[in-house]
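Beneath this line is the structure, given in structure tokens, with notes to follow.
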Number of protein chains: 4
Amino acid sequence: MGLMTAEQYEESLRKLDLVVYQSGKRVKNVPDDPIIRPSMLAVAKTYELAHQAEYADIMTATSHISGDRINRFTHIHQNVDDLVKKSRMGRLLGRETGCCFQRCVGMDALNALSIVTYSLDEKKGTSYHDRFIKYLEYVQHNDLTCDGAMTDAKGDRSLPPSRQPDPDAYLHVVRETPDGIVVRGAKAHQTGAVNSHEIIVLPTLNMRAEDRAYAVSFALPSDTEGIVYIIGRQSCDTRKLEAGVMDRGNRFFGGHEALVVFEDVFVPWERVFMNGEYEFTGRLVENFAGYHRQSYACKVGVGDVLIGAAQTVAEYNGVEKAAHIRDKIVEMNHLNETLYCGCIACASQGHREAGGTYLVDILLANVHKHNITRFPYEIARIAQDIAGGLMVTLPSEQDLRSPETAKWLQKYLKTRTDVPTEHRLRILRLIENLTLGSAAVGYLTESLHGAGSPQAQRVMISRQVNMAQKQAAAKKLCGIEPP
Amino acid sequence: MGLMTAEQYEESLRKLDLVVYQSGKRVKNVPDDPIIRPSMLAVAKTYELAHQAEYADIMTATSHISGDRINRFTHIHQNVDDLVKKSRMGRLLGRETGCCFQRCVGMDALNALSIVTYSLDEKKGTSYHDRFIKYLEYVQHNDLTCDGAMTDAKGDRSLPPSRQPDPDAYLHVVRETPDGIVVRGAKAHQTGAVNSHEIIVLPTLNMRAEDRAYAVSFALPSDTEGIVYIIGRQSCDTRKLEAGVMDRGNRFFGGHEALVVFEDVFVPWERVFMNGEYEFTGRLVENFAGYHRQSYACKVGVGDVLIGAAQTVAEYNGVEKAAHIRDKIVEMNHLNETLYCGCIACASQGHREAGGTYLVDILLANVHKHNITRFPYEIARIAQDIAGGLMVTLPSEQDLRSPETAKWLQKYLKTRTDVPTEHRLRILRLIENLTLGSAAVGYLTESLHGAGSPQAQRVMISRQVNMAQKQAAAKKLCGIEPP
Amino acid sequence: MGLMTAEQYEESLRKLDLVVYQSGKRVKNVPDDPIIRPSMLAVAKTYELAHQAEYADIMTATSHISGDRINRFTHIHQNVDDLVKKSRMGRLLGRETGCCFQRCVGMDALNALSIVTYSLDEKKGTSYHDRFIKYLEYVQHNDLTCDGAMTDAKGDRSLPPSRQPDPDAYLHVVRETPDGIVVRGAKAHQTGAVNSHEIIVLPTLNMRAEDRAYAVSFALPSDTEGIVYIIGRQSCDTRKLEAGVMDRGNRFFGGHEALVVFEDVFVPWERVFMNGEYEFTGRLVENFAGYHRQSYACKVGVGDVLIGAAQTVAEYNGVEKAAHIRDKIVEMNHLNETLYCGCIACASQGHREAGGTYLVDILLANVHKHNITRFPYEIARIAQDIAGGLMVTLPSEQDLRSPETAKWLQKYLKTRTDVPTEHRLRILRLIENLTLGSAAVGYLTESLHGAGSPQAQRVMISRQVNMAQKQAAAKKLCGIEPP
Amino acid sequence: MGLMTAEQYEESLRKLDLVVYQSGKRVKNVPDDPIIRPSMLAVAKTYELAHQAEYADIMTATSHISGDRINRFTHIHQNVDDLVKKSRMGRLLGRETGCCFQRCVGMDALNALSIVTYSLDEKKGTSYHDRFIKYLEYVQHNDLTCDGAMTDAKGDRSLPPSRQPDPDAYLHVVRETPDGIVVRGAKAHQTGAVNSHEIIVLPTLNMRAEDRAYAVSFALPSDTEGIVYIIGRQSCDTRKLEAGVMDRGNRFFGGHEALVVFEDVFVPWERVFMNGEYEFTGRLVENFAGYHRQSYACKVGVGDVLIGAAQTVAEYNGVEKAAHIRDKIVEMNHLNETLYCGCIACASQGHREAGGTYLVDILLANVHKHNITRFPYEIARIAQDIAGGLMVTLPSEQDLRSPETAKWLQKYLKTRTDVPTEHRLRILRLIENLTLGSAAVGYLTESLHGAGSPQAQRVMISRQVNMAQKQAAAKKLCGIEPP
């Protein structure tokens, strides 16, 4: 089949029979729902760009299974160059959409499973890897979008899965049948869930023997019976329901998250990639987290948009040559490129795992993501500084269109004579969207918590650094002899 | 008459005949408009607390004119203690409302005019101060809320007022009549404008001789003919139109800003406090800015709310004893109390101006405000860190109330058994409100730009520090003799 | 007797028979020792300025016991104004000396004892306060400098005093006699110890019943038999031994710290202010720490010197008008004045304790000190940025004086024709002194650890904030009803 | 000849007849001078490690000219892998020496000349590149250390070279002879100058036509007649003259800088690589700066030492398990690894220049260096926090050895019973060395100014980012059509 077009992607979604709730009601037509549609269009961009010659090298790859040209989002990284291109692809799409384009989490789940199913089979003599490769062929051949579902509801944070008052606080196997398993639970914060053809489930943390039923991984079509999606709301979400698109800031794209409920859902054996092998959960979590922390390369692209918007509004206000404005633009760029260094470095220091899949440097991927939890906030603060207060006191597009008030807004919100007032307002709405509005959910809060909250990275950094080597170096230099 | 109650205040607003536009339409009933009402209720809190015995010392003062007990928001500071109490009042009301309560700007305008009209008369033999005192008596006697309107539209930022392509880019006197002056222009970003009885206009920057027509200050009833208010929109503003109040975060209070247009508005002489004396504009701007930068004491109170919310959600999530959570709460408090130090210090180092009005230390007031442009952003980031990602993926109140989805939300968003799920969701919505929603407009963006953008404070800090003293000290210590 | 002059102070030190070690040898003539003398001269400045009319209001006070005019360093704070003047005095002396002037710790010990001995007597019916007042009269009458000795050696940090392998790890009472007590132990990091007439000992932490022997406070003449001082070394200390003073940076002043050993030292009863009342150690520590954290007002004055030096070197290099240089100077000032806000605010929010002594606001004093652990490092970094690399690659004064090399240095280190090359070098050495040299010990590392390390302040901030009030405010606003 | 050993290197230096001044006197025996020797030993480490099998891949390379195995410090980068290994070599040597090992600047000068002489010849038909390649063969064959001398004295910063009051403020050609050129001027801040066999001179900034005489580049043996070295002094430099090595902190290694004066020095034509081609100065400066900013990879290695020391002192103090200590260690590592990401990223994104030499990504190299101007200061502050105040109040090694005082120091500076007191003191001295002492010169101040001060990087970042692309992305998303 090969690479889908954006249009084919949209058509393919219409064929799904998803159970989606939003604002207390069942959503009838998912791809056309005005809240969800911008999110779908962002995913569609991953299909569209794969057909453009200038991006072919970044957006596509050669399948190591079929030898076909495939979308990179379905590719298993075969070398360091693949890892670096993944980071560049993230930045590209962030810049093109100005939001979360949602398709990386499935890619990261596939790559993590590629490594761990291989190791699992090696150690245990199971055949998960074969199953996985067959599934992968299917995904690659049909150019599918996969959701990667990890975060459980978690209930009481002080208790492990098996000791929760509600056993469903973590997704688990309820029973086995000759044909497969039945699972129950929920996965929270699922980015892009209702724009996906497939949902790949992974355990959320390192399980112990008593949590064996929770050590489960599998993939299902997104419209499998028993799966329910409840859409979360975002800052300024309902602006998408208003007449006019100016107040959205980003005219085209957005994101969404959903709570995904599994109500005793059946998974056939050929779709099960882990079932009780709790000793491998830690590695699966760690590898997925490593890949997914690299994926925050996308925020560099969103940062590009915000920097471009800040420069533009400075020009519209006629202050772009003021020394302090120029310095602030430099600072935004410096922070944004520091983030870029992180996602490039962890890729370029990647290595081959048993089985042939390439994995990022885990320490540097965590360091990268940890900076992502900090710098976008400062970049956003500077953008608001440059934008000026009008960003939050600007009347609505309706006021701009109203014959009663348009004259005053056109007159008093005018700056340079060669800049249409409306252009100034549009760029301010974009900055609002990225720093307070629905894109701020992705650029800021998701940067904090996506792929693990800051403390998760700190724990990993602590584990990954070679402290013994550093202490030995220090002791040698000041003359403390080893005992 | 004495101190109005909150109810009397609301009634008094109903008597005004304001011309207010919002979402492209004229607002019929201003105090009951669902977008505006929370903002009115925040102002009402300044009336309500003045009647509570425990806050009497902070919220009220003795008029130096009438000797009556008056609301502190109408008081002219008579000593350092008044200045300190103003800072404490700001924190109190910020904590009580969790938003901008809008009434400080009028107080700051009154105090700045008190100083400058006195000096102006002394130097020029005019009688502005007498007029001002009569106006002040009226405000104090009737316990009025005044808007202080300073920021002009400004047009092309590279040109002074008198050389703008559109002469109305800055508000100015169009003509004089035997009875008064006629003015045209607009004031932007007017916090609390439509909740005010009076609007006090000040020039926006230091004027030169050729800008004489722009050196104008006056006060008018807010419903004077020719004044038009266009309400600005805020992040998440339309949640106030939804059924249910949970998704607002702050159930009761909010803020608003408006663009205020003056369409050839007549001002009688007894309401004119400056008319062409451009040499005094610099001082008026500086004094007003000094007072108003102190007023950002309020953000310390809003910070209290956000810290309280963060601590609460940590407890609801059962992680309040984790070392990193405790440390983050300390950091939030440390930053918030550092801000408090600023507004207290500039007040306690205040001094008496000629005429008897007490003025804050201008250097420290600018330093205080400058920290306000930074720390709330970091406090907000930490609050989001503690809150967790659910803050931005949480389904709507309608989903929580819907019989179809309520069961899943109640089940899967539950944490500790003793915490009602809804409590967790409410506190998350409050944090969303303060860090991304409509209160973020006040807590973050207004903290940046209100009372002057960061660069304005840097210019003032540069001017106010005694660099000669510092250089002399350095040279003496290293043996560089004065020439 | 009244206020000593600087000369009388120096003479008084000559009469002491201190046992001081340095560089492995007994120091014969303490005030003339080249390493120690600059430190003595810094203390002498506290005497000198008290005689200058322009500083009389800040540097002196009226004794509440004798009614005499006394040096403020021996004064018990009688009102908020005294507390504020103490902060201003610290800044003044920091600016005059560019280093630690060492006399505040004794003042803080006296004030803390004033409060706690009063409370102790009230609760226990003891007569410590009378003893203390008599001692205070003696100190005030003779204008003495007191060391305040708190920090014990501490041994194994995981064990309390009474369970240490070496019982002397904390100073303690070895035995009582009819005439007094005998103590053993050591106090570390004693700033200004060998420039003091008196040494006042306080416990280092909150003691429990089993640590009763460690709950001891007393005062002794600094040359009491059994007290030994071992001087610590500082960065660049031996530059004070070199010919020429240019490379010292600060030609006149410096600081020192000493380890003070008590080898079974006898204390007569009239000098004992606590002996076993462990329940009062916590409060004594907290009050002393509160006062002493306020005392870091001095670093604002040292900051003034560093800012003055940075501005001067920028002028010498001819770059003072560059936008980025001006902006960096503003940032230094902003940070420095933020620190000033802290020491002013904790003073102005002070209150009267039982007994009449005024105490700073403990929360704000901790917040102030905590900023002191951060901002001087950033100010120092900026100063080095402005200074340029020559600060650390500059040849020695000997090279500048050598006929062989002087010509090259004069030629190639010249910048503007109107600036003597040597002036440029002197100011660079001052910046080196303050950011890497002996004054950096005081400006940086002591700012971190003096009056308690950062974590000590964080613990206090955590304890002092009213979290219940903040949580109640948050819950009310989002509609969480109290149970 | 091949790779020199460390011993051969030392011997080779003894054969040089350098004119070196220090402390106002001519240095007789350079390699044995106690101030200089630790610096020489640090360079020697670059020879020593090249012979160790475990580091062969990093420390050596295959010459693209001769095909011989050569020290990487003399290598011209042939691919991206070479660039990445250069970064890893920097970190390795920083960790091994704990200071500046001085040899990278020559490597960076060679690589920059390799690119620019090639382009110059292409454009101008000159034969500089051939000369350069012959010179390179000589350097590679003899495994020489080269100083790369760029920074001129600069005189009045507001004037270009040709308009300086003193024409020698920038190094320039005084006259040409049939055999070569004669140059005069000085190069400042020359790291490792007196440990070098060769000195390679580059222009310090982009020259214009009128500055043609200043557009000069050449290489000379370091002991050429007319070259004079005046050693700069560092914080705590004279501790190297004291008995005992403990107080040095770093027992073995150090750094040095020198002012290098050229008194009408003759350069034969075959050693001249640029002579008047001012149009190529900008590129030479930019390429050299790009390479050299990458070279600050070394500070990551020094950071490793400081982190190792901080962890060790925490263990010695028995507080390594305290949550705040662990968190601080994580923060140090996070910042240090963020720096590592920078030097890896700019290498991995390198590209081939015409002529075949690989150049780093200039934008990312500047971003990397800019972080180097910030993070080491924060890492150093945290290290001092963990170390505790004793780091600056510790008596001297002489006190520790003195029979009079040793007993007290051993007793009272003891912490855990299993830690020798002296070990604790040694590690504290190392932290002092790195944060205040002679290594702080390299780790902090040189990190600020070496390879260009912070503002130089900001200018380059501003120039290198693709702002048009960012603005186009922003405008497209908010619907601003291109004109």
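Numbering starts fresh at 1 for the residues of each chain in the structure tokens, the chains themselves are lettered A, B, ... in the order given, and ligands are numbered from 1 as they appear.
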
Query raised in the report: When the cut-off is 6 Å and we count only C-alpha atoms, which residues of chain B are near chain A, given as a PyMOL selection string?
Result: chain B and resi 23-24+153+155-156+189+231-236+257+389+392-396+398-399+402+412+414-416+436+449

Selection file, N, CA, C and O atoms, as a tab-separated table (two decimals), in the first residue's frame:
```tsv
chain	number	residue	atom	x	y	z
B	23	SER	N	-17.93	41.09	22.79
B	23	SER	CA	-18.26	40.09	21.77
B	23	SER	C	-19.07	40.71	20.65
B	23	SER	O	-20.00	40.09	20.14
B	24	GLY	N	-18.75	41.94	20.31
B	24	GLY	CA	-19.39	42.58	19.17
B	24	GLY	C	-20.76	43.15	19.45
B	24	GLY	O	-21.44	43.62	18.52
B	153	ALA	N	-3.11	54.63	23.38
B	153	ALA	CA	-3.02	53.67	22.29
B	153	ALA	C	-1.60	53.63	21.72
B	153	ALA	O	-1.08	52.59	21.34
B	155	GLY	N	0.02	54.30	19.00
B	155	GLY	CA	0.31	54.31	17.56
B	155	GLY	C	1.72	53.83	17.23
B	155	GLY	O	2.15	52.74	17.67
B	156	ASP	N	2.42	54.61	16.47
B	156	ASP	CA	3.78	54.25	16.07
B	156	ASP	C	4.72	54.56	17.22
B	156	ASP	O	4.94	55.70	17.59
B	189	HIS	N	-6.13	48.84	28.02
B	189	HIS	CA	-5.83	47.92	29.14
B	189	HIS	C	-6.45	48.41	30.45
B	189	HIS	O	-5.83	48.22	31.51
B	231	ILE	N	-14.73	45.71	25.98
B	231	ILE	CA	-14.14	44.72	26.89
B	231	ILE	C	-13.17	43.81	26.14
B	231	ILE	O	-13.50	43.31	25.06
B	232	GLY	N	-12.01	43.59	26.70
B	232	GLY	CA	-11.05	42.66	26.13
B	232	GLY	C	-11.39	41.24	26.53
B	232	GLY	O	-12.03	41.01	27.55
B	233	ARG	N	-10.92	40.30	25.73
B	233	ARG	CA	-11.22	38.92	26.12
B	233	ARG	C	-10.00	38.29	26.81
B	233	ARG	O	-8.86	38.69	26.58
B	234	GLN	N	-10.29	37.33	27.63
B	234	GLN	CA	-9.25	36.65	28.40
B	234	GLN	C	-9.26	35.16	28.08
B	234	GLN	O	-10.27	34.64	27.60
B	235	SER	N	-8.17	34.53	28.37
B	235	SER	CA	-8.11	33.07	28.27
B	235	SER	C	-9.28	32.49	29.04
B	235	SER	O	-9.55	32.88	30.18
B	236	CYS	N	-9.98	31.56	28.41
B	236	CYS	CA	-11.06	30.82	29.09
B	236	CYS	C	-12.22	31.69	29.55
B	236	CYS	O	-12.98	31.27	30.44
B	257	GLU	N	-10.40	43.73	31.50
B	257	GLU	CA	-9.78	44.95	31.02
B	257	GLU	C	-10.62	45.50	29.88
B	257	GLU	O	-11.32	44.74	29.20
B	389	GLY	N	-0.17	16.26	35.32
B	389	GLY	CA	-0.70	16.52	33.99
B	389	GLY	C	-2.22	16.54	33.92
B	389	GLY	O	-2.79	17.11	32.98
B	392	VAL	N	-4.50	19.51	32.78
B	392	VAL	CA	-4.84	19.91	31.41
B	392	VAL	C	-5.48	18.80	30.59
B	392	VAL	O	-5.74	18.98	29.40
B	393	THR	N	-5.74	17.65	31.20
B	393	THR	CA	-6.38	16.55	30.45
B	393	THR	C	-7.71	16.16	31.08
B	393	THR	O	-8.37	15.22	30.64
B	394	LEU	N	-8.08	16.88	32.09
B	394	LEU	CA	-9.30	16.63	32.84
B	394	LEU	C	-10.52	16.90	31.97
B	394	LEU	O	-10.65	17.96	31.39
B	395	PRO	N	-11.44	15.94	31.86
B	395	PRO	CA	-12.69	16.22	31.13
B	395	PRO	C	-13.50	17.32	31.83
B	395	PRO	O	-13.19	17.72	32.95
B	396	SER	N	-14.54	17.76	31.16
B	396	SER	CA	-15.30	18.91	31.65
B	396	SER	C	-16.24	18.53	32.80
B	396	SER	O	-16.50	17.35	33.05
B	398	GLN	N	-19.28	18.89	32.69
B	398	GLN	CA	-20.42	18.20	32.08
B	398	GLN	C	-20.18	16.69	32.00
B	398	GLN	O	-21.10	15.90	32.21
B	399	ASP	N	-18.95	16.29	31.73
B	399	ASP	CA	-18.63	14.86	31.73
B	399	ASP	C	-18.76	14.26	33.12
B	399	ASP	O	-19.18	13.11	33.28
B	402	SER	N	-22.48	13.89	33.65
B	402	SER	CA	-23.22	13.03	32.72
B	402	SER	C	-23.34	11.62	33.27
B	402	SER	O	-22.35	11.01	33.70
B	412	TYR	N	-11.85	6.40	37.94
B	412	TYR	CA	-10.45	6.43	37.50
B	412	TYR	C	-9.70	7.70	37.89
B	412	TYR	O	-8.48	7.76	37.78
B	414	LYS	N	-10.03	8.92	40.96
B	414	LYS	CA	-9.96	8.79	42.42
B	414	LYS	C	-8.50	8.57	42.84
B	414	LYS	O	-7.77	7.82	42.21
B	415	THR	N	-8.12	9.19	43.94
B	415	THR	CA	-6.78	8.90	44.49
B	415	THR	C	-6.96	8.31	45.89
B	415	THR	O	-7.29	7.14	46.00
B	416	ARG	N	-6.78	9.11	46.92
B	416	ARG	CA	-6.95	8.60	48.29
B	416	ARG	C	-8.44	8.36	48.56
B	416	ARG	O	-9.28	9.13	48.14
B	436	LEU	N	-3.13	29.15	33.57
B	436	LEU	CA	-3.42	29.17	32.13
B	436	LEU	C	-4.71	29.91	31.82
B	436	LEU	O	-4.91	30.37	30.70
B	449	HIS	N	3.27	43.31	32.52
B	449	HIS	CA	3.09	44.59	31.84
B	449	HIS	C	2.35	45.64	32.65
B	449	HIS	O	2.45	46.83	32.34
```

Report task. Step one, run DSSP on the backbone; step two, keep only residues of region 246-304 of chain C assigned to strand (DSSP E); then write them as a ChimeraX atom specification. Result -> /C:257-268,272-275

Query raised in the report: Hey, which of C:Ala149, C:Ile431, C:Leu363, C:Leu13 ends up closest to Ser462 (chain C)? Count only C-alpha atoms.
Result: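 Smallest distance to Ser462 (chain C) is found for C:Leu363.
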
Requested in this report: Would you mind listing what lies within 8 Å of Thr97 (chain A) as a VMD selection string, with only C-alpha atoms counted and same-chain residues fewer than 6 positions away left out?
Outcome: (chain A and resid 42 45 252 to 254 302) or (chain D and resid 477)

Could those residues be written to a file, using C-alpha atoms, as an mmCIF file, in the first residue's frame?
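Output saved as out-v7.cif:
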```cif
data_model
loop_
_atom_site.group_PDB
_atom_site.id
_atom_site.type_symbol
_atom_site.label_atom_id
_atom_site.label_comp_id
_atom_site.auth_asym_id
_atom_site.auth_seq_id
_atom_site.Cartn_x
_atom_site.Cartn_y
_atom_site.Cartn_z
ATOM 1 C CA ALA A 42 -2.037 18.015 12.979
ATOM 2 C CA LYS A 45 0.482 16.755 8.570
ATOM 3 C CA PHE A 252 -5.493 25.093 11.722
ATOM 4 C CA PHE A 253 -3.996 22.879 14.351
ATOM 5 C CA GLY A 254 -4.443 21.841 17.931
ATOM 6 C CA VAL A 302 6.987 24.941 18.564
ATOM 7 C CA LEU D 477 -0.340 29.442 11.341
#
```

Report summary line: Atom pair CA of Thr338 (chain A) + CA of Gln349 (chain D), distance 13.6 Å

Requested in this report: Name the residues of region 341-406 of chain D that come out as alpha helix (DSSP H) in a backbone DSSP run; write them as a PyMOL selection string.
Outcome: chain D and resi 341-348+362-372+375-387+390-393+397-401+406

Report task. Measuring atom to atom with only C-alpha atoms, identify which of D:Phe273, D:Tyr443, D:Phe218, D:Tyr296 is nearest to His129 (chain D). Result ->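 Smallest distance to His129 (chain D) is found for D:Phe273.
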
Query raised in the report: What's the 10 Å shell around region 5-11 of chain D, counting only C-alpha atoms, without same-chain residues fewer than 5 positions away, as a ChimeraX atom specification?
Result: /D:16,31-32,37,40-51,143-145,195-197

Query raised in the report: What separation in Å, quoted to one decimal, exists between CA of Phe280 (chain C) and CA of Glu137 (chain C)?
Result: 23.5 Å

Requested in this report: Choose the residue, out of A:Ala456, A:Met246, A:Ala310, A:Pro161, that has the smallest atom-to-atom separation from Lys369 (chain A); count only C-alpha atoms.
Outcome: A:Ala456

**Report entry** Arg326 (chain B) surroundings by only C-alpha atoms, 10 Å radius, close-in-sequence under 4 positions cut, as number ranges by chain
**Finding:** B: 311, 314, 319-322, 330-332, 386; C: 458-459, 462
